[in-house]
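Participant: Below you'll find target-v8.cif; it's mmCIF, C-alpha atoms.
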```cif
data_start
#
loop_
_atom_site.label_atom_id
_atom_site.label_comp_id
_atom_site.auth_asym_id
_atom_site.auth_seq_id
_atom_site.Cartn_x
_atom_site.Cartn_y
_atom_site.Cartn_z
CA MET A 1 0.00 0.00 0.00
CA PHE A 2 1.16 3.50 -0.85
CA ILE A 3 1.85 5.75 2.15
CA ASP A 4 3.61 8.80 0.67
CA PHE A 5 6.01 9.97 -2.02
CA SER A 6 8.43 12.92 -1.84
CA ILE A 7 10.08 14.88 -4.66
CA ARG A 8 12.80 17.53 -4.62
CA ASN A 9 14.48 19.25 -7.58
CA PHE A 10 12.62 17.41 -10.31
CA GLY A 11 10.85 19.23 -13.14
CA PRO A 12 9.01 22.24 -11.70
CA PHE A 13 9.43 21.05 -8.10
CA LYS A 14 12.48 22.92 -6.79
CA ASN A 15 11.63 22.46 -3.11
CA LYS A 16 10.51 19.27 -1.44
CA VAL A 17 6.87 18.30 -1.92
CA THR A 18 5.10 15.23 -0.56
CA LEU A 19 1.97 13.48 -1.77
CA SER A 20 0.55 11.56 1.18
CA LEU A 21 -2.23 9.01 1.42
CA GLU A 22 -2.15 9.06 5.20
CA SER A 23 -5.54 10.21 6.40
CA THR A 24 -5.99 13.22 8.63
CA SER A 25 -8.31 13.51 11.62
CA LEU A 26 -10.94 15.25 9.47
CA ASP A 27 -14.29 13.48 9.23
CA GLY A 28 -16.31 12.69 6.12
CA ASN A 29 -16.52 9.79 3.64
CA GLU A 30 -15.27 7.13 6.01
CA PHE A 31 -15.72 4.54 3.25
CA ASN A 32 -12.66 6.09 1.55
CA LEU A 33 -10.42 4.90 4.39
CA LEU A 34 -8.43 1.66 4.25
CA ASP A 35 -7.16 0.01 7.40
CA CYS A 36 -3.40 -0.52 7.46
CA PRO A 37 -1.97 -1.89 10.72
CA GLN A 38 1.57 -0.82 9.77
CA VAL A 39 0.72 2.88 10.10
CA SER A 40 -0.99 4.73 12.91
CA ASP A 41 -3.92 6.11 10.89
CA PRO A 42 -5.95 4.57 8.06
CA LEU A 43 -4.71 5.16 4.53
CA LEU A 44 -6.75 6.88 1.85
CA SER A 45 -8.20 4.83 -0.98
CA SER A 46 -7.44 7.53 -3.53
CA ALA A 47 -6.07 11.01 -4.19
CA VAL A 48 -7.04 13.39 -6.99
CA ILE A 49 -4.69 16.19 -8.06
CA PHE A 50 -6.11 19.35 -9.65
CA GLY A 51 -4.34 22.36 -11.08
CA PRO A 52 -3.81 24.46 -14.19
CA ASN A 53 -1.79 23.35 -17.19
CA ALA A 54 1.99 23.35 -16.69
CA SER A 55 1.66 23.48 -12.90
CA GLY A 56 3.32 20.11 -12.25
CA LYS A 57 0.45 17.62 -12.02
CA SER A 58 1.99 15.21 -14.51
CA TYR A 59 5.44 15.58 -12.97
CA VAL A 60 4.23 13.96 -9.76
CA LEU A 61 3.55 10.77 -11.73
CA LYS A 62 6.66 11.24 -13.90
CA ALA A 63 8.77 11.36 -10.75
CA MET A 64 7.33 8.03 -9.63
CA GLU A 65 8.05 6.61 -13.08
CA VAL A 66 11.65 7.85 -12.85
CA LEU A 67 12.03 6.10 -9.49
CA GLN A 68 10.83 2.88 -11.11
CA LEU A 69 13.31 3.31 -13.96
CA MET A 70 16.19 3.85 -11.54
CA VAL A 71 15.47 0.70 -9.53
CA ARG A 72 14.04 -1.64 -12.17
CA ALA A 73 17.39 -3.03 -13.36
CA PRO A 74 21.13 -2.26 -13.08
CA MET A 75 22.34 0.44 -15.46
CA VAL A 76 25.11 0.29 -18.02
CA PRO A 77 28.27 1.96 -16.59
CA ASN A 78 29.29 5.44 -17.72
CA ILE A 79 25.93 6.63 -19.02
CA SER A 80 23.91 9.77 -18.46
CA TYR A 81 20.31 9.37 -17.32
CA PRO A 82 17.91 10.71 -19.97
CA TRP A 83 15.35 11.38 -17.23
CA TYR A 84 17.65 13.67 -15.23
CA GLN A 85 15.48 16.80 -15.26
CA PRO A 86 16.34 19.11 -12.37
CA PHE A 87 14.64 22.46 -11.77
CA ARG A 88 16.11 24.69 -14.47
CA ALA A 89 15.22 28.20 -13.29
CA SER A 90 17.75 28.44 -10.45
CA LYS A 91 21.54 28.29 -10.38
CA THR A 92 21.43 26.33 -7.13
CA SER A 93 19.35 23.52 -8.59
CA PHE A 94 20.26 23.44 -12.30
CA ASP A 95 22.91 20.73 -11.88
CA ALA A 96 22.00 19.56 -8.36
CA PRO A 97 20.81 16.02 -7.55
CA ILE A 98 17.20 14.92 -7.87
CA GLU A 99 15.83 13.52 -4.61
CA LEU A 100 13.00 10.98 -4.47
CA GLY A 101 11.60 9.04 -1.54
CA ILE A 102 8.74 6.62 -1.04
CA ARG A 103 7.11 4.88 1.93
CA PHE A 104 4.90 1.88 1.30
CA VAL A 105 3.67 -1.40 2.76
CA THR A 106 4.05 -4.75 1.04
CA GLY A 107 3.74 -8.22 2.49
CA GLY A 108 2.63 -6.72 5.80
CA VAL A 109 5.92 -4.82 6.24
CA LYS A 110 6.53 -1.08 5.94
CA TYR A 111 9.44 0.10 3.75
CA ASP A 112 11.11 3.48 3.41
CA TYR A 113 13.29 3.98 0.33
CA SER A 114 15.10 7.17 -0.68
CA LEU A 115 17.28 7.97 -3.67
CA SER A 116 19.36 10.95 -4.77
CA PHE A 117 21.00 11.00 -8.21
CA ALA A 118 22.91 13.44 -10.42
CA ALA A 119 23.15 13.41 -14.21
CA ASP A 120 25.29 10.26 -14.38
CA HIS A 121 25.60 8.63 -10.96
CA VAL A 122 23.81 7.78 -7.74
CA VAL A 123 24.62 10.30 -5.01
CA SER A 124 22.93 8.54 -2.10
CA GLU A 125 20.46 5.75 -1.47
CA SER A 126 18.92 4.08 1.56
CA LEU A 127 16.36 1.45 2.50
CA CYS A 128 14.78 0.87 5.90
CA TYR A 129 12.04 -1.55 6.86
CA SER A 130 9.97 -2.49 9.90
CA PRO A 131 9.58 -6.29 9.95
CA MET A 132 8.48 -6.42 13.60
CA GLY A 133 7.00 -2.95 13.75
CA LYS A 134 10.38 -1.46 14.64
CA ARG A 135 12.32 0.50 12.03
CA ALA A 136 15.66 -1.02 10.99
CA MET A 137 18.23 -0.07 8.37
CA VAL A 138 18.72 -2.44 5.45
CA PHE A 139 21.42 -0.39 3.71
CA ASP A 140 22.66 3.17 3.47
CA ARG A 141 24.80 4.41 0.59
CA THR A 142 26.76 7.59 -0.05
CA GLY A 143 28.45 7.46 -3.43
CA GLN A 144 30.25 4.12 -3.48
CA GLU A 145 30.45 3.78 0.31
CA PHE A 146 27.92 1.36 1.84
CA ARG A 147 26.66 0.55 5.32
CA PHE A 148 24.38 -2.35 6.15
CA GLY A 149 21.98 -3.18 8.95
CA ARG A 150 22.68 -6.21 11.09
CA THR A 151 19.57 -8.14 10.13
CA ALA A 152 20.21 -7.72 6.40
CA MET A 153 24.00 -8.06 6.35
CA LYS A 154 24.36 -11.45 4.66
CA GLY A 155 25.80 -11.17 1.14
CA MET A 156 25.44 -7.38 1.02
CA LYS A 157 29.16 -6.63 0.75
CA ALA A 158 29.52 -8.77 -2.37
CA ILE A 159 26.50 -7.06 -3.93
CA ALA A 160 27.99 -3.64 -3.15
CA ASP A 161 31.18 -4.61 -4.96
CA MET A 162 29.11 -5.30 -8.08
CA THR A 163 27.14 -2.04 -7.88
CA THR A 164 28.43 0.58 -10.33
CA PRO A 165 28.02 4.35 -9.77
CA THR A 166 25.19 4.45 -12.33
CA SER A 167 23.17 1.61 -10.77
CA THR A 168 21.03 1.63 -7.68
CA PHE A 169 21.99 -0.89 -5.03
CA LEU A 170 18.32 -1.89 -4.79
CA ALA A 171 18.29 -2.95 -8.46
CA VAL A 172 21.48 -4.99 -8.13
CA ALA A 173 20.44 -6.62 -4.84
CA ALA A 174 17.05 -7.57 -6.31
CA GLN A 175 18.80 -9.11 -9.32
CA TYR A 176 20.84 -11.27 -6.95
CA ASN A 177 17.69 -12.28 -5.03
CA ASN A 178 18.41 -10.59 -1.72
CA THR A 179 15.12 -11.32 0.04
CA VAL A 180 14.49 -7.93 1.66
CA CYS A 181 15.58 -5.89 -1.36
CA LEU A 182 13.66 -8.14 -3.77
CA THR A 183 10.46 -7.56 -1.79
CA ALA A 184 11.01 -3.79 -1.73
CA HIS A 185 11.88 -3.85 -5.43
CA ARG A 186 8.64 -5.63 -6.27
CA GLY A 187 6.69 -3.16 -4.14
CA ILE A 188 8.03 -0.25 -6.19
CA THR A 189 8.20 -1.73 -9.69
CA ARG A 190 5.26 -4.16 -9.77
CA GLU A 191 2.78 -2.97 -7.18
CA MET A 192 2.79 0.64 -8.43
CA ILE A 193 1.15 0.81 -11.89
CA ILE A 194 1.70 4.08 -13.75
CA LEU A 195 -0.35 5.00 -16.81
CA GLY A 196 0.72 7.93 -18.96
CA SER A 197 -1.61 10.27 -20.81
CA ASN A 198 -1.35 8.16 -24.00
CA ILE A 199 -3.37 5.20 -22.79
CA SER A 200 -3.08 3.41 -26.14
CA ASP A 201 0.58 2.73 -25.29
CA ILE A 202 -0.60 -0.07 -22.99
CA LEU A 203 -3.15 -1.59 -25.39
CA ASN A 204 -1.03 -4.65 -26.18
CA ARG A 205 -0.33 -5.34 -22.51
CA VAL A 206 -4.05 -5.10 -21.69
CA ILE A 207 -4.97 -7.54 -24.49
CA GLU A 208 -2.32 -10.03 -23.37
CA HIS A 209 -3.43 -9.73 -19.72
CA MET A 210 -7.05 -10.23 -20.75
CA ASN A 211 -6.20 -13.36 -22.73
CA ARG A 212 -4.13 -14.85 -19.88
CA ASN A 213 -6.73 -14.12 -17.20
CA PRO A 214 -10.33 -15.08 -18.08
CA GLU A 215 -11.62 -13.78 -14.73
CA SER A 216 -10.02 -10.39 -15.34
CA LYS A 217 -11.54 -10.30 -18.82
CA ALA A 218 -14.97 -11.05 -17.37
CA ARG A 219 -14.56 -8.16 -14.94
CA MET A 220 -13.43 -5.86 -17.77
CA LEU A 221 -16.54 -6.74 -19.78
CA ARG A 222 -18.67 -6.21 -16.67
CA ALA A 223 -17.11 -2.76 -16.27
CA MET A 224 -17.88 -1.88 -19.89
CA ARG A 225 -21.49 -3.01 -19.37
CA ILE A 226 -21.87 -1.06 -16.12
CA ALA A 227 -20.49 2.05 -17.83
CA ASP A 228 -23.25 1.74 -20.45
CA MET A 229 -20.93 1.05 -23.38
CA GLY A 230 -23.19 -1.66 -24.89
CA ILE A 231 -20.21 -4.01 -25.31
CA THR A 232 -20.67 -7.77 -24.99
CA ASP A 233 -17.22 -9.10 -25.88
CA VAL A 234 -13.68 -8.13 -26.78
CA ILE A 235 -11.57 -10.39 -29.00
CA GLY A 236 -7.92 -9.49 -29.37
CA SER A 237 -4.47 -10.86 -30.05
CA VAL A 238 -0.91 -9.58 -30.23
CA LYS A 239 1.46 -11.38 -32.58
CA THR A 240 5.15 -10.71 -33.04
CA ARG A 241 6.50 -11.06 -36.57
CA LYS A 242 9.76 -10.39 -38.34
CA ALA A 243 9.71 -7.03 -40.07
CA THR A 244 10.78 -8.69 -43.32
CA GLU A 245 7.56 -10.74 -43.34
CA PHE A 246 5.49 -7.61 -43.96
CA GLY A 247 6.90 -7.21 -47.47
CA ASN A 248 6.06 -3.86 -49.04
CA ASP A 249 3.81 -2.87 -46.12
CA ILE A 250 6.93 -1.53 -44.34
CA PRO A 251 9.21 0.78 -46.37
CA PRO A 252 12.66 -0.72 -46.99
CA GLN A 253 14.30 2.32 -45.33
CA VAL A 254 12.44 1.56 -42.11
CA ILE A 255 13.40 -2.13 -42.27
CA GLY A 256 17.03 -1.11 -42.84
CA LEU A 257 16.95 1.13 -39.78
CA MET A 258 15.40 -1.65 -37.70
CA MET A 259 18.05 -4.10 -38.83
CA ALA A 260 20.81 -1.61 -37.96
CA THR A 261 19.47 -1.20 -34.42
CA GLY A 262 18.88 -4.92 -33.90
CA ASN A 263 15.12 -4.44 -33.55
CA THR A 264 13.78 -6.72 -36.28
CA GLU A 265 10.41 -7.68 -34.80
CA VAL A 266 7.06 -5.90 -35.06
CA SER A 267 4.02 -6.39 -32.86
CA GLN A 268 0.81 -6.79 -34.80
CA THR A 269 -2.34 -6.01 -32.82
CA THR A 270 -5.75 -7.31 -33.81
CA MET A 271 -8.80 -6.44 -31.73
CA TYR A 272 -12.54 -6.45 -32.30
CA ILE A 273 -15.19 -5.11 -29.94
CA GLU A 274 -18.56 -6.82 -30.11
CA HIS A 275 -21.66 -4.70 -29.54
CA GLY A 276 -24.94 -6.12 -28.30
CA PHE A 277 -27.40 -4.14 -30.40
CA ILE A 278 -30.47 -6.33 -29.84
CA GLU A 279 -32.55 -4.78 -32.64
CA SER A 280 -29.82 -4.84 -35.27
CA ASP A 281 -30.74 -6.75 -38.45
CA VAL A 282 -27.19 -7.41 -39.67
CA ASP A 283 -25.19 -10.59 -39.27
CA ARG A 284 -23.68 -11.04 -35.81
CA ASP A 285 -20.13 -10.88 -37.16
CA LEU A 286 -20.77 -7.37 -38.48
CA LEU A 287 -21.35 -6.21 -34.89
CA LYS A 288 -17.70 -6.94 -34.15
CA PHE A 289 -16.09 -3.56 -34.79
CA PRO A 290 -12.32 -3.16 -35.32
CA PHE A 291 -10.90 -1.14 -32.46
CA GLN A 292 -9.62 1.56 -34.83
CA ILE A 293 -13.17 2.85 -35.39
CA GLU A 294 -14.16 2.90 -31.73
CA SER A 295 -14.46 6.21 -29.86
CA ASN A 296 -11.60 7.58 -27.77
CA GLY A 297 -13.76 7.13 -24.68
CA THR A 298 -14.41 3.45 -25.37
CA MET A 299 -10.74 2.74 -25.97
CA GLN A 300 -9.63 4.72 -22.92
CA LEU A 301 -12.04 2.90 -20.63
CA PHE A 302 -10.96 -0.48 -22.05
CA CYS A 303 -7.26 0.33 -21.57
CA LEU A 304 -7.83 1.75 -18.09
CA MET A 305 -9.91 -1.14 -16.80
CA GLY A 306 -7.15 -3.69 -17.43
CA PRO A 307 -4.67 -2.10 -14.97
CA ILE A 308 -7.46 -1.00 -12.62
CA ILE A 309 -8.81 -4.53 -12.31
CA ASP A 310 -5.24 -5.81 -11.90
CA ALA A 311 -4.86 -3.35 -9.01
CA LEU A 312 -8.21 -4.25 -7.43
CA GLU A 313 -7.49 -7.99 -7.69
CA ASN A 314 -4.00 -7.74 -6.19
CA GLY A 315 -4.09 -4.72 -3.89
CA TYR A 316 -1.82 -2.55 -6.07
CA THR A 317 -1.68 1.22 -6.48
CA VAL A 318 -2.59 2.55 -9.93
CA MET A 319 -1.59 6.09 -10.99
CA ILE A 320 -3.21 7.75 -14.02
CA ASP A 321 -2.10 10.89 -15.82
CA GLU A 322 -4.82 13.14 -17.31
CA PHE A 323 -7.53 10.93 -15.86
CA GLY A 324 -10.94 11.19 -17.52
CA THR A 325 -9.78 13.06 -20.62
CA PHE A 326 -12.21 11.13 -22.86
CA LEU A 327 -14.56 9.80 -20.17
CA HIS A 328 -17.93 11.09 -19.10
CA SER A 329 -17.72 12.56 -15.59
CA ASP A 330 -20.15 9.95 -14.24
CA VAL A 331 -17.87 7.17 -15.50
CA ALA A 332 -14.81 8.84 -13.93
CA LYS A 333 -16.66 9.11 -10.60
CA TRP A 334 -17.71 5.47 -10.83
CA ILE A 335 -14.06 4.43 -11.31
CA ILE A 336 -13.00 6.36 -8.20
CA ARG A 337 -15.80 4.72 -6.21
CA GLN A 338 -14.44 1.26 -7.10
CA PHE A 339 -11.62 1.95 -4.63
CA ARG A 340 -13.85 2.68 -1.65
CA ASP A 341 -13.52 0.20 1.20
CA ALA A 342 -16.65 -1.91 0.57
CA ALA A 343 -15.82 -2.56 -3.11
CA ASN A 344 -12.10 -2.98 -2.53
CA PRO A 345 -11.33 -6.07 -0.42
CA ASN A 346 -7.61 -6.12 -1.33
CA LYS A 347 -7.05 -2.45 -0.42
CA ALA A 348 -6.00 -1.15 -3.81
CA GLN A 349 -5.39 2.58 -4.20
CA LEU A 350 -5.84 5.13 -6.97
CA ILE A 351 -3.85 8.33 -7.63
CA VAL A 352 -4.83 10.53 -10.56
CA ASN A 353 -4.41 14.02 -11.88
CA THR A 354 -7.25 15.59 -13.83
CA GLN A 355 -8.83 18.71 -15.32
CA ASP A 356 -12.33 17.42 -14.56
CA GLN A 357 -13.57 19.82 -11.89
CA SER A 358 -16.78 17.83 -11.40
CA LEU A 359 -14.65 15.34 -9.44
CA MET A 360 -13.96 18.11 -6.94
CA SER A 361 -16.82 17.04 -4.69
CA LEU A 362 -16.98 16.24 -0.98
CA ASP A 363 -19.71 13.71 -1.79
CA LEU A 364 -17.03 11.73 -3.64
CA LEU A 365 -13.78 12.62 -1.85
CA ARG A 366 -12.58 13.55 1.61
CA ARG A 367 -10.83 16.87 2.12
CA ASP A 368 -7.48 15.09 2.49
CA GLN A 369 -7.99 13.34 -0.86
CA VAL A 370 -8.15 16.59 -2.85
CA TRP A 371 -4.74 17.92 -3.90
CA PHE A 372 -3.56 20.92 -5.90
CA THR A 373 -0.48 21.93 -7.86
CA GLN A 374 0.35 25.59 -8.37
CA LYS A 375 3.28 27.28 -10.08
CA ASP A 376 4.82 30.54 -8.87
CA MET A 377 5.07 32.54 -12.09
CA ASP A 378 7.88 34.69 -10.65
CA THR A 379 10.20 31.81 -9.73
CA GLY A 380 8.83 29.02 -11.94
CA ALA A 381 8.70 26.66 -8.93
CA SER A 382 5.61 24.54 -8.27
CA GLU A 383 4.09 23.48 -4.99
CA LEU A 384 1.84 20.56 -4.09
CA TYR A 385 -0.69 20.85 -1.27
CA ALA A 386 -3.92 19.33 0.00
CA LEU A 387 -7.34 20.86 0.57
CA SER A 388 -7.00 19.65 4.18
CA ASP A 389 -4.18 22.20 4.61
CA PHE A 390 -6.86 24.92 4.60
CA ASN A 391 -8.71 25.67 7.83
CA GLY A 392 -12.46 26.00 7.96
CA VAL A 393 -13.42 24.00 4.86
CA ARG A 394 -16.81 22.59 5.90
CA LEU A 395 -18.33 19.35 4.68
CA ASP A 396 -21.23 21.19 3.06
CA VAL A 397 -19.07 23.58 1.03
CA ASP A 398 -19.43 23.72 -2.76
CA LEU A 399 -15.82 22.95 -3.68
CA GLN A 400 -16.20 23.74 -7.37
CA LYS A 401 -17.69 27.13 -6.62
CA SER A 402 -15.02 27.93 -4.04
CA TYR A 403 -12.30 26.82 -6.44
CA SER A 404 -13.78 28.92 -9.25
CA VAL A 405 -13.33 32.09 -7.16
CA ASN A 406 -9.71 31.11 -6.44
CA LYS A 407 -10.22 30.25 -2.78
CA TYR A 408 -7.63 27.47 -2.92
CA GLY A 409 -5.31 28.79 -5.61
CA ALA A 410 -4.13 26.39 -8.35
CA LYS A 411 -6.12 28.24 -11.03
CA PRO A 412 -4.85 29.74 -14.27
CA PHE A 413 -4.84 33.53 -14.43
CA ILE A 414 -6.29 34.31 -17.83
CA LEU A 415 -6.01 37.87 -19.08
CA ASN A 416 -9.24 39.61 -20.09
CA GLU A 417 -8.05 40.03 -23.66
CA ASP A 418 -8.78 38.60 -27.07
CA VAL A 419 -6.19 37.07 -29.38
CA MET A 420 -7.20 39.18 -32.36
CA ASP A 421 -7.11 42.58 -30.58
#
```
What's the structure tokens form of this structure?
Facilitator:
Amino acid sequence: MFIDFSIRNFGPFKNKVTLSLESTSLDGNEFNLLDCPQVSDPLLSSAVIFGPNASGKSYVLKAMEVLQLMVRAPMVPNISYPWYQPFRASKTSFDAPIELGIRFVTGGVKYDYSLSFAADHVVSESLCYSPMGKRAMVFDRTGQEFRFGRTAMKGMKAIADMTTPTSTFLAVAAQYNNTVCLTAHRGITREMIILGSNISDILNRVIEHMNRNPESKARMLRAMRIADMGITDVIGSVKTRKATEFGNDIPPQVIGLMMATGNTEVSQTTMYIEHGFIESDVDRDLLKFPFQIESNGTMQLFCLMGPIIDALENGYTVMIDEFGTFLHSDVAKWIIRQFRDAANPNKAQLIVNTQDQSLMSLDLLRRDQVWFTQKDMDTGASELYALSDFNGVRLDVDLQKSYSVNKYGAKPFILNEDVMD
């Protein structure tokens, strides 16, 4: 389960910001609380981040994706990280390290992992855990100097000797099956599902997951029915073929480039969506539409429900950029409600950013579930803060109306001018 995530000197976030799913003492929407014995207060089932364009909403999720990239696997020595993006509008931060930290629970144990990295090497890294409820160090790293906790000492020195300046120790230790590090690694890389704004990027993965898991497919179809899509079945496959097998369908220049880079295989996706139009007078096969002609909303919901159901079935955290872009607001609200306690036996969590202000409702969310990003136009630095940071926000307040009059900030300031003046 996700507890909190901190960012410093990444993208627009010059100073440290923290997104927390620890609940506050505020009342309201108790069904959005998930019991977690490893922390003192219940955790929130979801968090929704609002804010104007270019205020940093997407960078919260990008930072989490960067953390996954840094720990997923050991890096090649002597490289520069393409995702090194420090705050650029200050001399003190332009070439300073990026700092990321996450606290989470997996397998009934709380973990605390932090990482600091420059353009081409790890500056510092640490992992602590609480196997018996008491915090203990697993390892602590500064540059290429390592310290290890007593309970996790076995084999660590040999792993440190194999850890290059560009690789995280967590990635190397997980590769060599260190039990504690492998569990933490899985918690970060597998149990946190991040979906970018281009949902179609995951289409092939969703089709393959659907075909491997009949129960998940049944739930996906149920979701499409509940959302009033009129869909009765989805038939899809992903086949990998040699580029040369496509003949003239792929230009020879493209094939030559693929051969030069060693990437000679192409994934071919086939998918049909069957509609249950009961009064249609055409043959049943004609009601199976190729996915290319489906609406953006249909395809987004299909692609979202694969990872969402994966999260609900396994108790994962799913994070979605630009949530609800092509979805009706009622469908977006319904998705958020799937993570409430009664419908969520495995304690999955949802973190999204959105421009859909209709989700800004205290009938749907608690005050500590509503978050904002705002950029200081003088310094270029963004901040991240929760509605619960404001005093006196009552349960009966109209959040949308209050937000529209700039009561909580995080609104664009649009000049009263016309383009053609």
Participant: When you look at segment 84-99 of chain A with a cut-off of 12 Å (counting all atoms listed in the file), what residues show up, excluding the ones that are within fewer than 5 positions of it in the same chain? I need them as number ranges by chain.
Facilitator: A: 5-18, 56, 59, 62-64, 66-67, 69-70, 79, 113-126, 376-382
Participant: Please evaluate the PyMOL selection byres ((chain A and resi 335) around 10) against the structure above and give the resulting residues as a list in words.
Facilitator: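 Going through the file, the PyMOL selection byres ((chain A and resi 335) around 10) ends up selecting Ala223, Ala227, Leu301, Leu304, Met305, Ile308, Gly324, Ser329, Asp330, Val331, Ala332, Lys333, Trp334, Ile336, Arg337, Gln338, Phe339, Arg340 and Leu350 of chain A.
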Participant: Please produce an output containing C-alpha atoms for each residue in the selection, written as a PDB file, keeping the file's coordinate frame.
Facilitator:
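As written to disk, selection-v5.pdb reads:
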```pdb
ATOM      1  CA  ALA A 223     -17.110  -2.760 -16.270  1.00  0.00           C
ATOM      2  CA  ALA A 227     -20.490   2.050 -17.830  1.00  0.00           C
ATOM      3  CA  LEU A 301     -12.040   2.900 -20.630  1.00  0.00           C
ATOM      4  CA  LEU A 304      -7.830   1.750 -18.090  1.00  0.00           C
ATOM      5  CA  MET A 305      -9.910  -1.140 -16.800  1.00  0.00           C
ATOM      6  CA  ILE A 308      -7.460  -1.000 -12.620  1.00  0.00           C
ATOM      7  CA  GLY A 324     -10.940  11.190 -17.520  1.00  0.00           C
ATOM      8  CA  SER A 329     -17.720  12.560 -15.590  1.00  0.00           C
ATOM      9  CA  ASP A 330     -20.150   9.950 -14.240  1.00  0.00           C
ATOM     10  CA  VAL A 331     -17.870   7.170 -15.500  1.00  0.00           C
ATOM     11  CA  ALA A 332     -14.810   8.840 -13.930  1.00  0.00           C
ATOM     12  CA  LYS A 333     -16.660   9.110 -10.600  1.00  0.00           C
ATOM     13  CA  TRP A 334     -17.710   5.470 -10.830  1.00  0.00           C
ATOM     14  CA  ILE A 336     -13.000   6.360  -8.200  1.00  0.00           C
ATOM     15  CA  ARG A 337     -15.800   4.720  -6.210  1.00  0.00           C
ATOM     16  CA  GLN A 338     -14.440   1.260  -7.100  1.00  0.00           C
ATOM     17  CA  PHE A 339     -11.620   1.950  -4.630  1.00  0.00           C
ATOM     18  CA  ARG A 340     -13.850   2.680  -1.650  1.00  0.00           C
ATOM     19  CA  LEU A 350      -5.840   5.130  -6.970  1.00  0.00           C
TER      20      LEU A 350
END
```
Participant: Could you check the closest approach to Tyr81 of chain A for each of A:Pro345, A:Gly297, A:Pro165, A:Gly187 and tell me which residue wins, using only C-alpha atoms?
Facilitator: A:Pro165
Participant: Could you state which residues are captured by the PyMOL selection byres ((chain A and resi 400) around 10) in this file, as a PyMOL selection string?
Facilitator: chain A and resi 357-362+397-399+401-407
Participant: Box along x, y and z, 8 Å on every side, all listed atoms of segment 336-339 of chain A inside: centre and edge lengths in Å to one decimal, as lines of an AutoDock Vina configuration file.
Facilitator:
```
center_x = -13.7
center_y = 3.8
center_z = -6.4
size_x = 20.2
size_y = 21.1
size_z = 19.6
```
Participant: I'd like the contact shell of segment 272-285 of chain A - 8 Å cut-off, all atoms listed in the file, skipping same-chain residues fewer than 2 positions apart - returned as an MDAnalysis selection string.
Facilitator: chainID A and resid 230:236 270 287:291
Participant: Restricting the calculation to all atoms listed in the file: of A:Arg72, A:Lys411, A:Arg367, A:Arg219, which residue gets closest to Arg190 of chain A?
Facilitator: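 With all atoms listed in the file as the atom set, the closest residue is A:Arg72.
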Participant: Determine, for each residue of segment 355-386 of chain A having at least one atom at most 10 Å from an atom of segment 22-25 of chain A, the closest pair of atoms and their separation in Å to one decimal, counting only C-alpha atoms; order by chain and ascending number, as CSV.
Facilitator:
```
residue,atom,partner,partner_atom,distance
A:Arg366,CA,A:Ser23,CA,9.1
A:Arg367,CA,A:Thr24,CA,8.9
A:Asp368,CA,A:Ser23,CA,6.5
A:Gln369,CA,A:Ser23,CA,8.3
```
Participant: Got time to write the residues from that selection, C-alpha atoms, as a PDB file, in the coordinates of the input?
Facilitator:
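Result written to result_2.pdb:
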```
ATOM      1  CA  ARG A 366     -12.580  13.550   1.610  1.00  0.00           C
ATOM      2  CA  ARG A 367     -10.830  16.870   2.120  1.00  0.00           C
ATOM      3  CA  ASP A 368      -7.480  15.090   2.490  1.00  0.00           C
ATOM      4  CA  GLN A 369      -7.990  13.340  -0.860  1.00  0.00           C
TER       5      GLN A 369
END
```
Participant: Just say which residues the PyMOL selection byres ((chain A and resi 180) around 10) picks in this file, as JSON, numbers by chain.
Facilitator: {"A": [111, 127, 128, 129, 131, 138, 151, 152, 170, 173, 174, 177, 178, 179, 181, 182, 183, 184, 185]}
Participant: Mind pulling up the distance from atom CA of Pro37 of chain A to atom CA of Ser388 of chain A?
Facilitator: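 Atom-to-atom, atom CA of Ser388 of chain A and atom CA of Pro37 of chain A are spaced 23.1 Å apart.
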Participant: Which residues, written as a PyMOL selection string, have at least one atom at most 12 Å from Glu65 of chain A, with only C-alpha atoms counted and residues fewer than 5 positions away on the same chain left out?
Facilitator: chain A and resi 5+7+58-60+70-72+83+100+188-190+192-196+318-321
Participant: Go ahead and compute the interatomic distance for atom CA of Thr166 of chain A and atom CA of Ser80 of chain A, in Å to one decimal.
Facilitator: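 Distance reported for this atom pair: 8.2 Å.
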Participant: Can you tell me which residues surround Ala311 of chain A at a distance of at most 8 Å, considering only C-alpha atoms, apart from same-chain residues fewer than 3 positions away, and format the answer as a ChimeraX atom specification?
Facilitator: /A:191,193,307-308,314-318,348-349
Participant: Taking all atoms listed in the file into account, name the residue in A:Pro74, A:Ala410, A:Lys239, A:Leu312 that is nearest to Ile159 of chain A.
Facilitator: A:Pro74
Participant: Please measure the separation of atom CA of Ser295 of chain A and atom CA of Ile199 of chain A, giving the value in Å to one decimal.
Facilitator: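 Between atom CA of Ser295 of chain A and atom CA of Ile199 of chain A the gap works out to 13.2 Å.
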Participant: With all atoms listed in the file as the basis for distance, which of A:Gly28, A:Leu21, A:Ala73, A:Leu364 is at the shortest distance from Asp41 of chain A?
Facilitator: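 Among the listed residues, A:Leu21 lies closest to Asp41 of chain A.
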